[in-house]
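A.B. asks: Here it is, the structure in full.
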Amino acid sequence: MLDAPLAEAWIRAVAAAVGKEEPRLTELDSAIGDGDHGSNLRRGFTAVLTALDGLPQAGPGAVLTKTGTTLISKVGGASGPLYGKAFRAIGAALPGPAGPAEVAEALAAGLDAVRALGKAEPGDKTIVDAWTPAVAAFRDSAATGAALPVAAAAAADAAERGALDTVPLRARKGRASYLGERSTGHQDPGATSTALVFRALADVLAG
Ligand code: ADP
Ligand code: MG
């Protein structure tokens with residue numbers, strides 16, 4: 001079950017991954033954006049860690065909602081509100097400890113929130129291009145009766161493939177879209193950070 005301690009471990013693992021991969025995210029965003037994606041997420045998740053210290057662990061949802069609210073208030077770039085809304089939606093869908101099917105639906109609600117705010121379609125070279133295959137893989141895996149760690153690993157693999165698959169795409173949303181055709185040939189920073197989010201979940205559930 002994904003309970004409050006595991007939800008907190010997930011977010012702490014995302015914070016660690018974002019800290020470690022900040023140079024890579026910065027490099028990717030320097031190529032097709034303004035170079036701040038790594039620092040935006042590091043700043044955001046550093047604030048999240050502080051917000052989680054001493055938070056009463058009412059349930060996984062409380063942890064994830066707090067994560068989302070903090071990201072919205074601390075990150076100025078496009079990714080702050082997008083990830084913020086996503087984590088709030090995931091949190092709202094997980095009031096108590098949850099199994100694979102419920103976690104799959106919560107992650108789907110996160111994707112819906114990203115799409116409602118950002119209006120990106122799959123193929124637009126955004127967060128959506130990693131998140132969409134990750135949700136599909138999580139759902140398919142859960143539907144076959146897989147345990148949480150197995151479903152989460154399938155989702156992380158799919159998110160990483162989705163991020164790689166953004167390389168040839170032309171950006172149609174966000175700052176990178178200003179580059180038009182010149183945005184092709186580079187991996188999307190946001191899809192790359194989404195893969196970190198899903199890999200962190202898989203790692204934490206693998207124990
Ligand atoms: P900013 O673009 O404001 O500098 P960041 O650099 O933190 O913000 O985030 C850039 C990432 O945000 C992009 O790589 C892309 O994946 C994601 N992004 C931008 N616009 C959208 C959108 N409308 N929908 C989904 N993701 C988006
Ligand atoms: Mg940027």
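Each chain of the structure tokens is named A, B, ... in the order shown, its residues numbered from 1; ligands are numbered from 1 in display order.
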Counting only C-alpha atoms and all ligand atoms, what residues are within 12 Å of ligand 2, given as a ChimeraX atom specification?
C.D. replies: /A:25-41,75-80,126,174-177,188-190
A.B. asks: Could you save those same residues with N, CA, C and O atoms as a compact mmCIF listing (two decimals), in the first residue's frame?
C.D. replies:
# COMPACT_ATOMS: atom_id res chain seq x y z
N LEU A 25 19.33 18.92 -15.95
CA LEU A 25 18.08 19.63 -16.27
C LEU A 25 18.39 21.05 -16.73
O LEU A 25 17.75 21.57 -17.65
N THR A 26 19.39 21.65 -16.13
CA THR A 26 19.82 22.99 -16.52
C THR A 26 20.35 22.99 -17.95
O THR A 26 20.01 23.85 -18.76
N GLU A 27 21.17 21.97 -18.24
CA GLU A 27 21.75 21.85 -19.57
C GLU A 27 20.65 21.68 -20.62
O GLU A 27 20.67 22.34 -21.67
N LEU A 28 19.70 20.81 -20.33
CA LEU A 28 18.61 20.57 -21.30
C LEU A 28 17.79 21.83 -21.51
O LEU A 28 17.41 22.17 -22.64
N ASP A 29 17.51 22.55 -20.41
CA ASP A 29 16.68 23.76 -20.53
C ASP A 29 17.49 24.91 -21.14
O ASP A 29 16.90 25.85 -21.69
N SER A 30 18.81 24.83 -21.06
CA SER A 30 19.63 25.87 -21.71
C SER A 30 19.57 25.71 -23.23
O SER A 30 19.66 26.70 -23.96
N ALA A 31 19.41 24.46 -23.69
CA ALA A 31 19.39 24.20 -25.13
C ALA A 31 18.10 24.70 -25.78
O ALA A 31 18.12 25.25 -26.88
N ILE A 32 16.96 24.50 -25.11
CA ILE A 32 15.68 24.87 -25.76
C ILE A 32 14.80 25.76 -24.90
O ILE A 32 13.64 26.00 -25.23
N GLY A 33 15.34 26.26 -23.78
CA GLY A 33 14.55 27.13 -22.92
C GLY A 33 15.43 28.22 -22.36
O GLY A 33 16.30 28.74 -23.06
N ASP A 34 15.27 28.53 -21.07
CA ASP A 34 16.04 29.61 -20.47
C ASP A 34 16.98 29.11 -19.38
O ASP A 34 17.51 29.92 -18.61
N GLY A 35 17.16 27.79 -19.30
CA GLY A 35 18.18 27.25 -18.41
C GLY A 35 17.84 27.20 -16.94
O GLY A 35 18.73 26.98 -16.12
N ASP A 36 16.56 27.39 -16.60
CA ASP A 36 16.23 27.45 -15.17
C ASP A 36 15.47 26.23 -14.65
O ASP A 36 15.07 26.21 -13.48
N HIS A 37 15.26 25.23 -15.49
CA HIS A 37 14.40 24.12 -15.03
C HIS A 37 15.00 23.40 -13.82
O HIS A 37 14.29 23.09 -12.86
N GLY A 38 16.31 23.15 -13.86
CA GLY A 38 16.96 22.50 -12.72
C GLY A 38 16.87 23.33 -11.45
O GLY A 38 16.51 22.82 -10.39
N SER A 39 17.16 24.61 -11.56
CA SER A 39 17.13 25.45 -10.35
C SER A 39 15.69 25.67 -9.88
O SER A 39 15.43 25.73 -8.68
N ASN A 40 14.76 25.76 -10.82
CA ASN A 40 13.34 25.90 -10.41
C ASN A 40 12.91 24.72 -9.55
O ASN A 40 12.32 24.89 -8.47
N LEU A 41 13.23 23.52 -10.03
CA LEU A 41 12.77 22.33 -9.29
C LEU A 41 13.56 22.14 -7.99
O LEU A 41 13.00 21.74 -6.97
N VAL A 75 7.73 28.08 -7.01
CA VAL A 75 8.39 27.98 -8.32
C VAL A 75 7.71 28.93 -9.31
O VAL A 75 6.51 28.83 -9.56
N GLY A 76 8.51 29.84 -9.85
CA GLY A 76 7.96 30.82 -10.76
C GLY A 76 7.76 30.31 -12.17
O GLY A 76 6.84 30.72 -12.86
N GLY A 77 8.62 29.39 -12.62
CA GLY A 77 8.55 28.91 -14.01
C GLY A 77 7.29 28.12 -14.29
O GLY A 77 6.51 27.82 -13.39
N ALA A 78 7.11 27.79 -15.56
CA ALA A 78 5.93 27.02 -15.99
C ALA A 78 5.79 25.72 -15.22
O ALA A 78 4.68 25.26 -14.92
N SER A 79 6.93 25.11 -14.90
CA SER A 79 6.88 23.78 -14.29
C SER A 79 6.32 23.80 -12.87
O SER A 79 5.77 22.79 -12.42
N GLY A 80 6.42 24.92 -12.15
CA GLY A 80 5.94 24.97 -10.76
C GLY A 80 4.44 24.74 -10.66
O GLY A 80 3.98 23.81 -9.98
N THR A 126 6.48 18.04 -24.06
CA THR A 126 6.34 18.56 -22.70
C THR A 126 6.33 17.41 -21.70
O THR A 126 6.45 16.24 -22.07
N GLY A 174 4.92 26.00 -24.32
CA GLY A 174 5.99 26.49 -23.45
C GLY A 174 7.04 27.26 -24.23
O GLY A 174 6.93 27.49 -25.44
N ARG A 175 8.08 27.64 -23.48
CA ARG A 175 9.16 28.48 -24.01
C ARG A 175 9.85 27.87 -25.24
O ARG A 175 10.22 28.59 -26.17
N ALA A 176 10.03 26.54 -25.23
CA ALA A 176 10.75 25.88 -26.32
C ALA A 176 10.00 26.04 -27.65
O ALA A 176 10.61 25.96 -28.72
N SER A 177 8.68 26.28 -27.59
CA SER A 177 7.91 26.42 -28.83
C SER A 177 8.32 27.68 -29.60
O SER A 177 8.14 27.74 -30.81
N ASP A 188 13.35 17.05 -24.04
CA ASP A 188 12.60 18.05 -23.27
C ASP A 188 12.96 18.00 -21.77
O ASP A 188 12.91 16.93 -21.17
N PRO A 189 13.30 19.13 -21.18
CA PRO A 189 13.65 19.14 -19.76
C PRO A 189 12.52 18.67 -18.85
O PRO A 189 12.75 17.88 -17.93
N GLY A 190 11.31 19.11 -19.12
CA GLY A 190 10.18 18.74 -18.26
C GLY A 190 9.84 17.25 -18.35
O GLY A 190 9.54 16.60 -17.34
A.B. asks: What's around Val197 in chain A at 10 Å? Count only C-alpha atoms, leave out sequence neighbours fewer than 6 positions away in its own chain, and write the answer as a list in words.
C.D. replies: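 Skipping anything fewer than 6 positions along the chain leaves Trp10, Ile11, Ala13, Val14, Ala15, Ala17, Val18, Trp131, Ala156, Ala159 and Ala191 of chain A.
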A.B. asks: So that I can check the secondary structure, give me every residue of chain A assigned helix (DSSP H, G or I) by backbone DSSP, as a ChimeraX atom specification.
C.D. replies: /A:4-32,37-52,60-74,79-92,100-118,128-143,148-164,175-183,189-206
A.B. asks: Name the closest residue to Gly207 in chain A among the candidates A:Leu179, A:Leu82, A:Ala171, A:Ala152; distances are taken between atoms, counting only C-alpha atoms.
C.D. replies: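 The shortest atom-to-atom distance to Gly207 in chain A comes from A:Ala152.
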A.B. asks: Distance CA of Ala89 in chain A-CA of Gln187 in chain A, one decimal place?
C.D. replies: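 For CA of Ala89 in chain A relative to CA of Gln187 in chain A, the distance reads 26.3 Å.
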A.B. asks: Within 9 Å of Ala58 in chain A, counting only C-alpha atoms, which residues qualify if same-chain residues fewer than 6 places away don't, as a VMD selection string?
C.D. replies: chain A and resid 4 95 to 96
A.B. asks: Could you take the residues named above and write them with C-alpha atoms, as a PDB file, in the first residue's frame?
C.D. replies:
ATOM      1  CA  ALA A   4       1.787   8.427   4.233  1.00  0.00           C
ATOM      2  CA  PRO A  95      -7.019  10.221   1.097  1.00  0.00           C
ATOM      3  CA  GLY A  96      -5.799   6.958   2.615  1.00  0.00           C
TER       4      GLY A  96
END
